[in-house]
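What follows is start.tsv (TSV, C-alpha atoms and all ligand atoms).
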chain	number	residue	atom	x	y	z
A	1	MET	CA	-13.59	-35.38	-111.57
A	2	PRO	CA	-13.15	-31.59	-111.57
A	3	ASP	CA	-9.36	-31.16	-111.40
A	4	THR	CA	-8.96	-27.92	-109.52
A	5	ARG	CA	-7.02	-29.31	-106.62
A	6	LEU	CA	-3.96	-27.12	-106.80
A	7	ARG	CA	-5.89	-23.92	-106.28
A	8	PRO	CA	-5.29	-22.87	-102.68
A	9	ARG	CA	-8.27	-23.46	-100.36
A	10	ARG	CA	-6.63	-22.35	-97.12
A	11	SER	CA	-9.48	-20.07	-96.08
A	12	ALA	CA	-13.18	-20.42	-96.95
A	13	LEU	CA	-15.30	-17.59	-95.53
A	14	TYR	CA	-19.05	-17.99	-95.04
A	15	VAL	CA	-20.78	-14.85	-96.27
A	16	PRO	CA	-24.45	-14.61	-95.19
A	17	GLY	CA	-26.64	-14.07	-98.26
A	18	SER	CA	-28.89	-11.69	-96.31
A	19	ASN	CA	-25.99	-9.38	-95.33
A	20	ALA	CA	-25.49	-6.91	-98.18
A	21	ARG	CA	-22.53	-5.25	-96.47
A	22	ALA	CA	-20.71	-8.58	-96.04
A	23	ILE	CA	-21.39	-9.53	-99.68
A	24	GLU	CA	-19.89	-6.22	-100.79
A	25	LYS	CA	-16.92	-6.42	-98.41
A	26	ALA	CA	-16.09	-9.94	-99.59
A	27	ARG	CA	-14.81	-8.42	-102.86
A	28	SER	CA	-11.88	-6.91	-100.98
A	29	LEU	CA	-11.01	-9.90	-98.78
A	30	ASP	CA	-8.06	-12.26	-99.17
A	31	ALA	CA	-9.98	-15.52	-98.64
A	32	ASP	CA	-9.26	-18.29	-101.12
A	33	VAL	CA	-12.93	-19.29	-101.15
A	34	LEU	CA	-16.17	-17.41	-100.44
A	35	ILE	CA	-19.16	-19.52	-99.42
A	36	PHE	CA	-22.27	-17.40	-100.05
A	37	ASP	CA	-24.65	-18.88	-97.51
A	38	LEU	CA	-28.38	-19.24	-98.10
A	39	GLU	CA	-28.83	-21.83	-95.33
A	40	ASP	CA	-27.97	-21.55	-91.62
A	41	ALA	CA	-26.80	-17.92	-91.70
A	42	VAL	CA	-30.09	-16.68	-93.19
A	43	ALA	CA	-33.32	-16.25	-91.18
A	44	PRO	CA	-36.33	-18.16	-92.59
A	45	ASP	CA	-38.18	-14.98	-93.62
A	46	ARG	CA	-35.18	-13.63	-95.57
A	47	LYS	CA	-34.42	-16.63	-97.80
A	48	GLU	CA	-35.77	-15.07	-100.98
A	49	GLU	CA	-33.98	-11.78	-100.40
A	50	ALA	CA	-30.71	-13.67	-99.76
A	51	ARG	CA	-31.10	-15.67	-102.97
A	52	ARG	CA	-31.64	-12.45	-104.94
A	53	ASN	CA	-28.66	-10.72	-103.26
A	54	VAL	CA	-26.29	-13.56	-104.11
A	55	ALA	CA	-27.52	-13.86	-107.71
A	56	GLU	CA	-27.04	-10.10	-108.21
A	57	ALA	CA	-23.62	-10.06	-106.56
A	58	LEU	CA	-22.29	-12.91	-108.70
A	59	ALA	CA	-23.73	-11.32	-111.85
A	60	LYS	CA	-21.95	-8.06	-110.96
A	61	GLY	CA	-18.70	-9.96	-110.25
A	62	GLY	CA	-15.46	-8.52	-108.87
A	63	TYR	CA	-14.59	-11.50	-106.63
A	64	ARG	CA	-11.05	-12.86	-106.77
A	65	ALA	CA	-11.89	-15.89	-104.65
A	66	GLU	CA	-13.51	-19.13	-105.72
A	67	ARG	CA	-17.29	-18.58	-105.38
A	68	VAL	CA	-19.37	-21.30	-103.76
A	69	ILE	CA	-23.10	-21.12	-102.93
A	70	ARG	CA	-24.42	-23.06	-99.94
A	71	VAL	CA	-28.04	-23.92	-100.73
A	72	ASN	CA	-30.79	-24.98	-98.37
A	73	HIS	CA	-31.57	-28.69	-98.14
A	74	LEU	CA	-33.12	-29.97	-101.35
A	75	SER	CA	-36.05	-31.47	-99.43
A	76	THR	CA	-37.24	-27.87	-98.91
A	77	ARG	CA	-38.87	-25.43	-101.36
A	78	GLU	CA	-36.11	-22.92	-100.61
A	79	GLY	CA	-33.40	-25.46	-101.42
A	80	VAL	CA	-34.93	-26.24	-104.81
A	81	ALA	CA	-35.18	-22.52	-105.65
A	82	ASP	CA	-31.59	-21.97	-104.43
A	83	LEU	CA	-30.26	-24.73	-106.68
A	84	LYS	CA	-32.05	-23.29	-109.73
A	85	MET	CA	-30.51	-19.90	-109.02
A	86	ALA	CA	-27.05	-21.44	-108.45
A	87	ALA	CA	-27.28	-23.31	-111.77
A	88	ARG	CA	-27.53	-19.98	-113.62
A	89	SER	CA	-25.30	-17.91	-111.33
A	90	GLY	CA	-21.86	-18.65	-112.75
A	91	CYS	CA	-20.63	-19.82	-109.34
A	92	ASP	CA	-17.71	-22.26	-109.15
A	93	ALA	CA	-19.49	-24.87	-107.00
A	94	VAL	CA	-22.65	-25.61	-105.04
A	95	LEU	CA	-22.31	-26.70	-101.41
A	96	LEU	CA	-25.03	-29.13	-100.28
A	97	PRO	CA	-25.91	-29.13	-96.56
A	98	LYS	CA	-26.66	-32.21	-94.44
A	99	VAL	CA	-25.65	-34.77	-97.07
A	100	GLU	CA	-26.23	-38.26	-95.68
A	101	GLY	CA	-25.63	-40.62	-98.58
A	102	ALA	CA	-24.80	-41.01	-102.28
A	103	LYS	CA	-28.45	-40.46	-103.21
A	104	ASP	CA	-28.36	-36.84	-101.96
A	105	VAL	CA	-25.38	-36.09	-104.19
A	106	ARG	CA	-26.84	-37.79	-107.26
A	107	ASP	CA	-30.19	-36.10	-106.74
A	108	ALA	CA	-28.49	-32.69	-106.71
A	109	SER	CA	-26.56	-33.57	-109.88
A	110	LEU	CA	-29.75	-34.62	-111.66
A	111	ARG	CA	-31.54	-31.43	-110.64
A	112	LEU	CA	-28.59	-29.33	-111.82
A	113	GLY	CA	-28.63	-31.20	-115.12
A	114	ALA	CA	-32.33	-30.40	-115.51
A	115	SER	CA	-31.45	-26.72	-114.95
A	116	GLY	CA	-28.79	-26.80	-117.66
A	117	ALA	CA	-25.78	-27.10	-115.31
A	118	ALA	CA	-24.96	-30.80	-115.60
A	119	GLU	CA	-21.23	-30.13	-115.17
A	120	MET	CA	-21.57	-28.00	-112.01
A	121	THR	CA	-19.04	-28.93	-109.30
A	122	LEU	CA	-20.55	-30.13	-106.03
A	123	TRP	CA	-19.25	-29.76	-102.50
A	124	CYS	CA	-20.86	-31.63	-99.56
A	125	MET	CA	-21.30	-30.73	-95.90
A	126	ILE	CA	-20.59	-33.64	-93.56
A	127	GLU	CA	-22.30	-32.61	-90.36
A	128	THR	CA	-24.37	-35.47	-88.94
A	129	PRO	CA	-23.48	-38.83	-87.36
A	130	VAL	CA	-25.10	-40.69	-90.29
A	131	ALA	CA	-23.01	-38.69	-92.75
A	132	VAL	CA	-19.78	-39.54	-90.94
A	133	LEU	CA	-20.69	-43.23	-90.87
A	134	ARG	CA	-21.48	-43.13	-94.61
A	135	VAL	CA	-18.75	-40.74	-95.68
A	136	GLU	CA	-17.02	-43.26	-97.95
A	137	GLU	CA	-20.27	-43.75	-99.90
A	138	VAL	CA	-20.68	-39.97	-100.20
A	139	ALA	CA	-17.07	-39.38	-101.24
A	140	PHE	CA	-17.34	-41.77	-104.20
A	141	ALA	CA	-20.89	-40.75	-105.16
A	142	SER	CA	-20.28	-38.55	-108.20
A	143	PRO	CA	-17.56	-37.47	-110.63
A	144	HIS	CA	-18.77	-33.89	-110.04
A	145	LEU	CA	-17.98	-33.99	-106.33
A	146	ALA	CA	-14.79	-32.08	-105.46
A	147	CYS	CA	-14.80	-31.23	-101.77
A	148	LEU	CA	-16.07	-32.30	-98.34
A	149	VAL	CA	-16.73	-29.58	-95.78
A	150	MET	CA	-16.88	-30.47	-92.08
A	151	GLY	CA	-19.87	-29.03	-90.22
A	152	THR	CA	-18.48	-29.42	-86.74
A	153	SER	CA	-21.11	-27.26	-85.00
A	154	ASP	CA	-24.02	-29.45	-86.09
A	155	LEU	CA	-21.97	-32.58	-85.54
A	156	THR	CA	-21.00	-31.59	-82.00
A	157	LYS	CA	-24.66	-30.89	-81.20
A	158	ASP	CA	-25.82	-34.25	-82.59
A	159	LEU	CA	-23.05	-36.14	-80.75
A	160	ARG	CA	-24.09	-34.36	-77.52
A	161	ALA	CA	-20.40	-33.54	-77.28
A	162	ARG	CA	-18.71	-30.35	-76.06
A	163	HIS	CA	-16.49	-27.86	-77.85
A	164	THR	CA	-13.03	-28.37	-76.35
A	165	ASN	CA	-9.67	-26.83	-77.22
A	166	ASP	CA	-8.11	-30.14	-78.24
A	167	ARG	CA	-11.20	-31.16	-80.30
A	168	LEU	CA	-10.89	-34.73	-79.04
A	169	PRO	CA	-14.73	-35.18	-79.12
A	170	VAL	CA	-14.75	-34.79	-82.93
A	171	ILE	CA	-11.33	-36.16	-83.83
A	172	THR	CA	-12.61	-39.61	-84.91
A	173	SER	CA	-15.16	-37.98	-87.21
A	174	LEU	CA	-12.57	-35.60	-88.67
A	175	SER	CA	-10.17	-38.49	-89.30
A	176	LEU	CA	-12.79	-40.72	-90.96
A	177	CYS	CA	-13.81	-37.90	-93.29
A	178	LEU	CA	-10.20	-37.08	-94.11
A	179	LEU	CA	-9.55	-40.75	-94.98
A	180	ALA	CA	-12.60	-40.83	-97.26
A	181	ALA	CA	-11.67	-37.56	-98.97
A	182	ARG	CA	-8.13	-38.68	-99.70
A	183	ALA	CA	-9.26	-42.15	-100.81
A	184	ALA	CA	-11.61	-40.52	-103.34
A	185	GLY	CA	-9.16	-37.77	-104.37
A	186	LEU	CA	-11.28	-34.97	-102.92
A	187	LEU	CA	-10.48	-31.75	-101.11
A	188	ILE	CA	-11.56	-31.43	-97.49
A	189	LEU	CA	-12.08	-28.32	-95.35
A	190	ASP	CA	-12.22	-28.22	-91.57
A	191	GLY	CA	-15.15	-26.79	-89.55
A	192	VAL	CA	-15.50	-23.28	-88.10
A	193	HIS	CA	-14.12	-21.96	-84.80
A	194	LEU	CA	-17.08	-20.34	-83.09
A	195	ASP	CA	-15.31	-18.22	-80.45
A	196	LEU	CA	-14.23	-15.10	-82.33
A	197	ASP	CA	-12.42	-13.70	-79.27
A	198	ASP	CA	-10.27	-16.84	-78.85
A	199	GLU	CA	-7.44	-16.21	-81.31
A	200	LYS	CA	-5.09	-18.71	-79.65
A	201	GLY	CA	-7.66	-21.51	-79.74
A	202	PHE	CA	-8.38	-20.70	-83.38
A	203	LEU	CA	-4.71	-20.78	-84.40
A	204	ASP	CA	-3.99	-23.94	-82.36
A	205	SER	CA	-6.88	-25.77	-84.03
A	206	CYS	CA	-5.77	-24.51	-87.47
A	207	ARG	CA	-2.34	-26.00	-86.79
A	208	GLN	CA	-3.98	-29.27	-85.71
A	209	GLY	CA	-6.14	-29.33	-88.86
A	210	ALA	CA	-3.17	-28.60	-91.13
A	211	GLU	CA	-1.12	-31.31	-89.40
A	212	MET	CA	-3.97	-33.80	-89.95
A	213	GLY	CA	-3.99	-33.00	-93.67
A	214	PHE	CA	-6.97	-30.66	-94.16
A	215	ASP	CA	-6.64	-28.36	-97.18
A	216	GLY	CA	-8.07	-25.41	-95.30
A	217	ARG	CA	-10.65	-24.13	-92.89
A	218	THR	CA	-14.13	-22.70	-93.07
A	219	LEU	CA	-14.38	-19.30	-91.36
A	220	ILE	CA	-17.07	-16.96	-90.09
A	221	HIS	CA	-15.21	-13.64	-89.78
A	222	PRO	CA	-12.74	-11.77	-92.03
A	223	LYS	CA	-10.30	-11.23	-89.16
A	224	THR	CA	-9.47	-14.96	-89.20
A	225	ILE	CA	-8.52	-15.17	-92.91
A	226	ALA	CA	-4.84	-14.28	-92.47
A	227	GLY	CA	-4.35	-16.88	-89.71
A	228	ALA	CA	-5.90	-19.64	-91.80
A	229	ASN	CA	-3.89	-18.64	-94.88
A	230	ALA	CA	-0.69	-18.83	-92.84
A	231	ALA	CA	-1.56	-22.14	-91.13
A	232	TYR	CA	-2.63	-24.08	-94.22
A	233	GLY	CA	-0.23	-22.56	-96.75
A	234	PRO	CA	3.46	-23.47	-97.01
A	235	SER	CA	5.72	-21.25	-94.88
A	236	ALA	CA	8.94	-19.70	-96.25
A	237	ASP	CA	10.83	-22.43	-94.34
A	238	ASP	CA	8.69	-25.16	-95.98
A	239	VAL	CA	9.49	-23.71	-99.41
A	240	ALA	CA	13.25	-23.42	-98.69
A	241	TRP	CA	13.38	-26.98	-97.29
A	242	SER	CA	11.43	-28.34	-100.27
A	243	LYS	CA	13.89	-26.77	-102.71
A	244	ARG	CA	16.86	-28.13	-100.78
A	245	ILE	CA	15.66	-31.69	-100.68
A	246	ILE	CA	14.63	-31.67	-104.35
A	247	ASP	CA	18.14	-30.39	-105.26
A	248	ALA	CA	19.86	-32.94	-102.99
A	249	HIS	CA	17.73	-35.81	-104.30
A	250	THR	CA	18.32	-34.79	-107.94
A	251	ARG	CA	22.10	-34.77	-107.31
A	252	ALA	CA	21.88	-38.15	-105.54
A	253	LEU	CA	20.01	-39.66	-108.50
A	254	ALA	CA	22.68	-38.33	-110.89
A	255	GLU	CA	25.23	-40.23	-108.78
A	256	GLY	CA	23.13	-43.40	-109.03
A	257	LYS	CA	21.75	-43.21	-105.47
A	258	GLY	CA	18.03	-43.41	-104.65
A	259	VAL	CA	18.25	-41.83	-101.21
A	260	VAL	CA	20.18	-38.99	-99.57
A	261	VAL	CA	20.51	-37.59	-96.05
A	262	VAL	CA	19.85	-33.84	-95.59
A	263	ASP	CA	20.37	-32.33	-92.10
A	264	GLY	CA	20.34	-35.84	-90.66
A	265	LYS	CA	17.01	-36.73	-92.32
A	266	LEU	CA	16.57	-39.52	-94.82
A	267	ILE	CA	15.12	-38.22	-98.09
A	268	GLU	CA	13.44	-40.63	-100.52
A	269	ASN	CA	11.05	-40.31	-103.48
A	270	VAL	CA	8.05	-39.89	-101.19
A	271	HIS	CA	9.56	-36.76	-99.59
A	272	VAL	CA	10.36	-35.33	-103.00
A	273	GLU	CA	6.72	-35.81	-104.03
A	274	VAL	CA	5.59	-33.87	-100.95
A	275	ALA	CA	8.17	-31.15	-101.67
A	276	GLU	CA	7.01	-30.82	-105.27
A	277	ARG	CA	3.41	-30.42	-104.13
A	278	THR	CA	4.51	-27.81	-101.57
A	279	LEU	CA	6.29	-25.79	-104.27
A	280	ALA	CA	3.34	-26.11	-106.66
A	281	LEU	CA	0.95	-24.89	-103.94
A	282	ALA	CA	3.30	-21.99	-103.07
A	283	GLY	CA	3.39	-21.14	-106.78
A	284	ALA	CA	-0.40	-21.22	-107.01
A	285	ILE	CA	-0.64	-18.91	-103.99
A	286	ALA	CA	1.94	-16.51	-105.44
A	287	ALA	CA	0.14	-16.50	-108.80
A	288	ARG	CA	-3.06	-15.47	-107.01
A	289	GLY	CA	-1.25	-12.25	-105.96
A	301	LIG	N1	-18.19	-12.03	-94.56
A	301	LIG	C1	-17.88	-10.81	-95.05
A	301	LIG	N2	-17.74	-9.71	-94.27
A	301	LIG	C2	-17.95	-9.87	-92.96
A	301	LIG	C3	-18.27	-11.12	-92.38
A	301	LIG	C4	-18.40	-12.22	-93.24
A	301	LIG	N3	-18.71	-13.43	-92.77
A	301	LIG	N4	-18.40	-10.97	-91.05
A	301	LIG	C5	-18.15	-9.68	-90.78
A	301	LIG	N5	-17.88	-9.01	-91.92
A	301	LIG	C6	-17.53	-7.60	-92.08
A	301	LIG	C7	-18.58	-6.66	-91.48
A	301	LIG	O1	-19.56	-6.38	-92.46
A	301	LIG	C8	-17.73	-5.49	-91.13
A	301	LIG	O2	-17.45	-4.76	-92.31
A	301	LIG	P1	-17.19	-3.15	-92.27
A	301	LIG	O3	-16.68	-2.80	-90.90
A	301	LIG	O4	-16.17	-2.92	-93.34
A	301	LIG	O5	-18.52	-2.56	-92.60
A	301	LIG	C9	-16.41	-6.08	-90.69
A	301	LIG	O6	-16.35	-7.35	-91.34
A	301	LIG	C10	-16.26	-6.25	-89.22
A	301	LIG	O7	-17.33	-7.03	-88.75
A	301	LIG	P2	-17.75	-7.05	-87.21
A	301	LIG	O8	-18.44	-5.77	-86.88
A	301	LIG	O9	-16.57	-7.42	-86.40
A	301	LIG	O10	-18.73	-8.25	-87.17
A	301	LIG	P3	-20.31	-8.21	-87.30
A	301	LIG	O11	-20.88	-7.90	-85.97
A	301	LIG	O12	-20.72	-7.37	-88.47
A	301	LIG	O13	-20.63	-9.72	-87.67
A	301	LIG	C11	-20.99	-12.04	-87.33
A	301	LIG	C12	-20.28	-10.79	-86.79
A	301	LIG	C13	-20.51	-13.26	-86.56
A	301	LIG	C14	-22.50	-11.87	-87.21
A	301	LIG	C15	-20.59	-12.19	-88.83
A	301	LIG	O14	-19.19	-12.29	-88.88
A	301	LIG	C16	-21.24	-13.33	-89.57
A	301	LIG	O15	-22.43	-13.28	-89.90
A	301	LIG	N6	-20.47	-14.36	-89.91
A	301	LIG	C17	-20.91	-15.48	-90.72
A	301	LIG	C18	-21.85	-16.39	-89.96
A	301	LIG	C19	-22.25	-17.53	-90.82
A	301	LIG	O16	-22.14	-17.47	-92.03
A	301	LIG	N7	-22.72	-18.63	-90.22
A	301	LIG	C20	-23.09	-19.81	-90.95
A	301	LIG	C21	-21.94	-20.72	-91.19
A	301	LIG	S1	-21.20	-21.33	-89.71
A	302	MG	MG	-25.14	-26.90	-90.61
Target format structure tokens, applied to this file:
Amino acid sequence: MPDTRLRPRRSALYVPGSNARAIEKARSLDADVLIFDLEDAVAPDRKEEARRNVAEALAKGGYRAERVIRVNHLSTREGVADLKMAARSGCDAVLLPKVEGAKDVRDASLRLGASGAAEMTLWCMIETPVAVLRVEEVAFASPHLACLVMGTSDLTKDLRARHTNDRLPVITSLSLCLLAARAAGLLILDGVHLDLDDEKGFLDSCRQGAEMGFDGRTLIHPKTIAGANAAYGPSADDVAWSKRIIDAHTRALAEGKGVVVVDGKLIENVHVEVAERTLALAGAIAARG
């Protein structure tokens, strides 16, 4: 399994492959991940142009973020051409849309192998009812799979649900996918917030996603990067608290005690593990600059 889990993935911005200005601007943005999109964000008659743009941009370089390419579905001619380009592009991962079972993941791996990129990391979109029902099978499908990405717009459409502030209509799906990701040791990113004028709704749903355990959020506009980075990254208070409980627990162990109470809260091994991960993530974010 690709072990890149302690890189921050708080913010993952979709960058349309047909938008040259957005591809250029992405070099200056503070997103942890850039998802160069060849699929939904690109009109059918601009697929080839988008593929060329993304190949040229990655060859030129200058991106600080992790670089992921979302290809078209591999049942299409465009998807096959996208995957061949991605195999040679030097990207960090390929994101497969509309994955609905282990076979889709293995098929992509085989095709990448045939293009000389057998070790390429795969990410999968979970965005249909079938995918949610088979998410455990998908999550364990391949040692090259590293991340699940929720496609909540497609999922909401297929469920005939509505977009609500509390996201209750998709909460079961989000939870099932989160369970599968954690069971398989994968990353998982939450879906996009479509209303760009609704900052409060965006931040509230980021907080909800972070509380559920998501590693980060997929985004459609640069103005939402800072909010996602703040919501999914450790705050200064989280870091200070983590240091305090690690210190207190270390002192308790030295005195032969396995537990300690800090500010009225019981601290055991399990809390120390969480605190250590929090500090490691804060360190990884600081190292990114
Ligand atoms: N990635 C990189 N840069 C982006 C961007 C993105 N996704 N969205 C906007 N920008 C840039 C614009 O190019 C513009 O740059 P500039 O002012 O420095 O030239 C700046 O951010 C402000 O953009 P703005 O004018 O507010 O938005 P817009 O009208 O250009 O674009 C959208 C709005 C929604 C069309 C655009 O954000 C977008 O295409 N988002 C991605 C959609 C997508 O990928 N969908 C599929 C996955 S859900
Ligand atoms: Mg989709």
Residues of chain A at most 10 Å from ligand LIG 301 (chain A): nearest atom pair and distance in Å, only C-alpha atoms and all ligand atoms, as a Markdown table:
| residue | atom | partner | partner_atom | distance |
| --- | --- | --- | --- | --- |
| A:Ala12 | CA | A:LIG301 | N3 | 9.8 |
| A:Leu13 | CA | A:LIG301 | N3 | 6.0 |
| A:Tyr14 | CA | A:LIG301 | O16 | 4.3 |
| A:Val15 | CA | A:LIG301 | N1 | 4.2 |
| A:Pro16 | CA | A:LIG301 | O16 | 4.8 |
| A:Gly17 | CA | A:LIG301 | O16 | 8.4 |
| A:Ser18 | CA | A:LIG301 | O15 | 9.2 |
| A:Asn19 | CA | A:LIG301 | O15 | 7.6 |
| A:Ala20 | CA | A:LIG301 | O1 | 8.3 |
| A:Arg21 | CA | A:LIG301 | O1 | 5.1 |
| A:Ala22 | CA | A:LIG301 | N2 | 3.6 |
| A:Ile23 | CA | A:LIG301 | C1 | 5.9 |
| A:Glu24 | CA | A:LIG301 | C1 | 7.6 |
| A:Lys25 | CA | A:LIG301 | N2 | 5.4 |
| A:Ala26 | CA | A:LIG301 | C1 | 5.0 |
| A:Arg27 | CA | A:LIG301 | C1 | 8.7 |
| A:Ser28 | CA | A:LIG301 | C1 | 9.3 |
| A:Leu29 | CA | A:LIG301 | C1 | 7.9 |
| A:Ala31 | CA | A:LIG301 | N1 | 9.8 |
| A:Leu34 | CA | A:LIG301 | N1 | 8.2 |
| A:Ile35 | CA | A:LIG301 | O16 | 8.2 |
| A:Phe36 | CA | A:LIG301 | O16 | 8.0 |
| A:Asp37 | CA | A:LIG301 | O16 | 6.2 |
| A:Leu38 | CA | A:LIG301 | O16 | 8.9 |
| A:Glu39 | CA | A:LIG301 | C20 | 7.5 |
| A:Asp40 | CA | A:LIG301 | C20 | 5.2 |
| A:Ala41 | CA | A:LIG301 | C20 | 4.2 |
| A:Val42 | CA | A:LIG301 | C20 | 8.0 |
| A:Arg70 | CA | A:LIG301 | C21 | 9.4 |
| A:Gly151 | CA | A:LIG301 | S1 | 7.8 |
| A:Thr152 | CA | A:LIG301 | S1 | 9.0 |
| A:Ser153 | CA | A:LIG301 | S1 | 7.6 |
| A:Asp154 | CA | A:LIG301 | S1 | 9.3 |
| A:Gly191 | CA | A:LIG301 | S1 | 8.2 |
| A:Val192 | CA | A:LIG301 | S1 | 6.2 |
| A:His193 | CA | A:LIG301 | S1 | 8.6 |
| A:Leu194 | CA | A:LIG301 | S1 | 7.9 |
| A:Asp195 | CA | A:LIG301 | C13 | 9.4 |
| A:Leu196 | CA | A:LIG301 | C13 | 7.8 |
| A:Thr218 | CA | A:LIG301 | S1 | 7.9 |
| A:Leu219 | CA | A:LIG301 | S1 | 7.3 |
| A:Ile220 | CA | A:LIG301 | C17 | 4.2 |
| A:His221 | CA | A:LIG301 | O14 | 4.3 |
| A:Pro222 | CA | A:LIG301 | C3 | 5.6 |
| A:Lys223 | CA | A:LIG301 | O6 | 7.5 |
| A:Thr224 | CA | A:LIG301 | N4 | 10.0 |
9 Å contact set for Leu187 in chain A, only C-alpha atoms, chain neighbours under 3 positions out, as an mmCIF file with C-alpha atoms, in the frame of the given file:
data_model
loop_
_atom_site.group_PDB
_atom_site.id
_atom_site.type_symbol
_atom_site.label_atom_id
_atom_site.label_comp_id
_atom_site.auth_asym_id
_atom_site.auth_seq_id
_atom_site.Cartn_x
_atom_site.Cartn_y
_atom_site.Cartn_z
ATOM 1 C CA ARG A 5 -7.020 -29.310 -106.620
ATOM 2 C CA ARG A 9 -8.270 -23.460 -100.360
ATOM 3 C CA ALA A 146 -14.790 -32.080 -105.460
ATOM 4 C CA CYS A 147 -14.800 -31.230 -101.770
ATOM 5 C CA LEU A 148 -16.070 -32.300 -98.340
ATOM 6 C CA VAL A 149 -16.730 -29.580 -95.780
ATOM 7 C CA LEU A 178 -10.200 -37.080 -94.110
ATOM 8 C CA ALA A 181 -11.670 -37.560 -98.970
ATOM 9 C CA ARG A 182 -8.130 -38.680 -99.700
ATOM 10 C CA PHE A 214 -6.970 -30.660 -94.160
ATOM 11 C CA ASP A 215 -6.640 -28.360 -97.180
ATOM 12 C CA GLY A 216 -8.070 -25.410 -95.300
#
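CA of Ser175 in chain A lies 12.3 Å from CA of Ala210 in chain A.
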- request: To one decimal in Å, tell me the separation between CA of Leu96 in chain A and CA of Leu122 in chain A.
  value: 7.4 Å
- prompt: Skipping near chain neighbours, those fewer than 4 positions away, what residues fall within 9 Å of Lys103 in chain A using only C-alpha atoms, listed as a list in words?
  reply: Val99, Asp107, Ala108, Val138 and Ala141 of chain A
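Shortest atom-to-atom contact with ligand MG 302 (chain A) among A:Asp204, A:Asp30, A:Asp158, A:Glu211: A:Asp158, counting all atoms listed in the file.
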query: Which distance in Å separates CA of Pro143 in chain A and CA of Ala183 in chain A, to one decimal?
result: 13.7 Å
field: Option closest in space to ligand MG 302 (chain A), from A:Glu127, A:Asp237, A:Asp190, A:Asp197 [counting all atoms listed in the file]
entry: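 Among the listed residues, the smallest separation from ligand MG 302 (chain A) belongs to A:Glu127.
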field: Spatial neighbours of Lys84 in chain A, 12 Å, only C-alpha atoms, chain gap at least 2 places, as a ChimeraX atom specification
entry: /A:51-52,55,69,71-72,74,77-82,86-91,94,108-118,120
- request: In the coordinate frame of the file, compute which residues have an atom within 7 Å of (12.6, -36.3, -104.8) when using only C-alpha atoms, and state them as number ranges by chain.
  value: A: 245-246, 249-250, 268-273
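Distances from A:Pro234, A:Arg162, A:Ala184, A:Leu95 to Glu137 in chain A were compared using all atoms listed in the file, and the smallest one belongs to A:Ala184.
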- prompt: So which residues touch Pro169 in chain A within 9 Å, counting all atoms listed in the file, skipping near sequence neighbours fewer than 6 positions away, as a ChimeraX atom specification?
  reply: /A:156,159,161-163
query: When distances are computed from only C-alpha atoms and all ligand atoms, which of A:Leu189, A:Val130, A:Leu203, A:Met125 shows the smallest separation from ligand MG 302 (chain A)?
result: A:Met125
Let me know the centre plus edge lengths, in Å and rounded to one decimal, of a box with edges along x, y and z that contains all listed atoms of range 215-222 of chain A and is padded by 3 Å on every side, as lines of an AutoDock Vina configuration file.
center_x = -11.9
center_y = -20.1
center_z = -93.5
size_x = 16.4
size_y = 22.6
size_z = 13.4
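In this comparison, which uses all atoms listed in the file, the residue of A:His144, A:Lys157, A:Arg277, A:Arg46 approaching ligand MG 302 (chain A) most closely is A:Lys157.
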query: Which one of A:Ser11, A:Ala236, A:Ala57, A:Arg134 sits closest to Cys206 in chain A if you count only C-alpha atoms?
result: A:Ser11
Because the input lacks atoms here, generate N, CA and C atoms for range 54-63 of chain A and report them as a PDB file, in the coordinates of the input.
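Everything below was put into selection_34.pdb:
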ATOM      1  N   VAL A  54     -27.448 -12.776-103.650  1.00  0.00           N
ATOM      2  CA  VAL A  54     -26.290 -13.560-104.110  1.00  0.00           C
ATOM      3  C   VAL A  54     -26.275 -13.630-105.639  1.00  0.00           C
ATOM      4  N   ALA A  55     -27.452 -13.819-106.237  1.00  0.00           N
ATOM      5  CA  ALA A  55     -27.520 -13.860-107.710  1.00  0.00           C
ATOM      6  C   ALA A  55     -27.016 -12.532-108.284  1.00  0.00           C
ATOM      7  N   GLU A  56     -27.455 -11.418-107.693  1.00  0.00           N
ATOM      8  CA  GLU A  56     -27.040 -10.100-108.210  1.00  0.00           C
ATOM      9  C   GLU A  56     -25.549  -9.873-108.010  1.00  0.00           C
ATOM     10  N   ALA A  57     -25.046 -10.282-106.847  1.00  0.00           N
ATOM     11  CA  ALA A  57     -23.620 -10.060-106.560  1.00  0.00           C
ATOM     12  C   ALA A  57     -22.740 -10.858-107.523  1.00  0.00           C
ATOM     13  N   LEU A  58     -23.106 -12.099-107.792  1.00  0.00           N
ATOM     14  CA  LEU A  58     -22.290 -12.910-108.700  1.00  0.00           C
ATOM     15  C   LEU A  58     -22.408 -12.381-110.130  1.00  0.00           C
ATOM     16  N   ALA A  59     -23.578 -11.885-110.495  1.00  0.00           N
ATOM     17  CA  ALA A  59     -23.730 -11.320-111.850  1.00  0.00           C
ATOM     18  C   ALA A  59     -22.855 -10.076-111.983  1.00  0.00           C
ATOM     19  N   LYS A  60     -22.767  -9.284-110.922  1.00  0.00           N
ATOM     20  CA  LYS A  60     -21.950  -8.060-110.960  1.00  0.00           C
ATOM     21  C   LYS A  60     -20.459  -8.421-110.962  1.00  0.00           C
ATOM     22  N   GLY A  61     -20.091  -9.461-110.230  1.00  0.00           N
ATOM     23  CA  GLY A  61     -18.700  -9.960-110.250  1.00  0.00           C
ATOM     24  C   GLY A  61     -17.766  -9.159-109.353  1.00  0.00           C
ATOM     25  N   GLY A  62     -16.468  -9.244-109.656  1.00  0.00           N
ATOM     26  CA  GLY A  62     -15.460  -8.520-108.870  1.00  0.00           C
ATOM     27  C   GLY A  62     -14.880  -9.329-107.728  1.00  0.00           C
ATOM     28  N   TYR A  63     -15.149 -10.652-107.692  1.00  0.00           N
ATOM     29  CA  TYR A  63     -14.590 -11.500-106.630  1.00  0.00           C
ATOM     30  C   TYR A  63     -13.355 -12.222-107.143  1.00  0.00           C
TER      31      TYR A  63
END
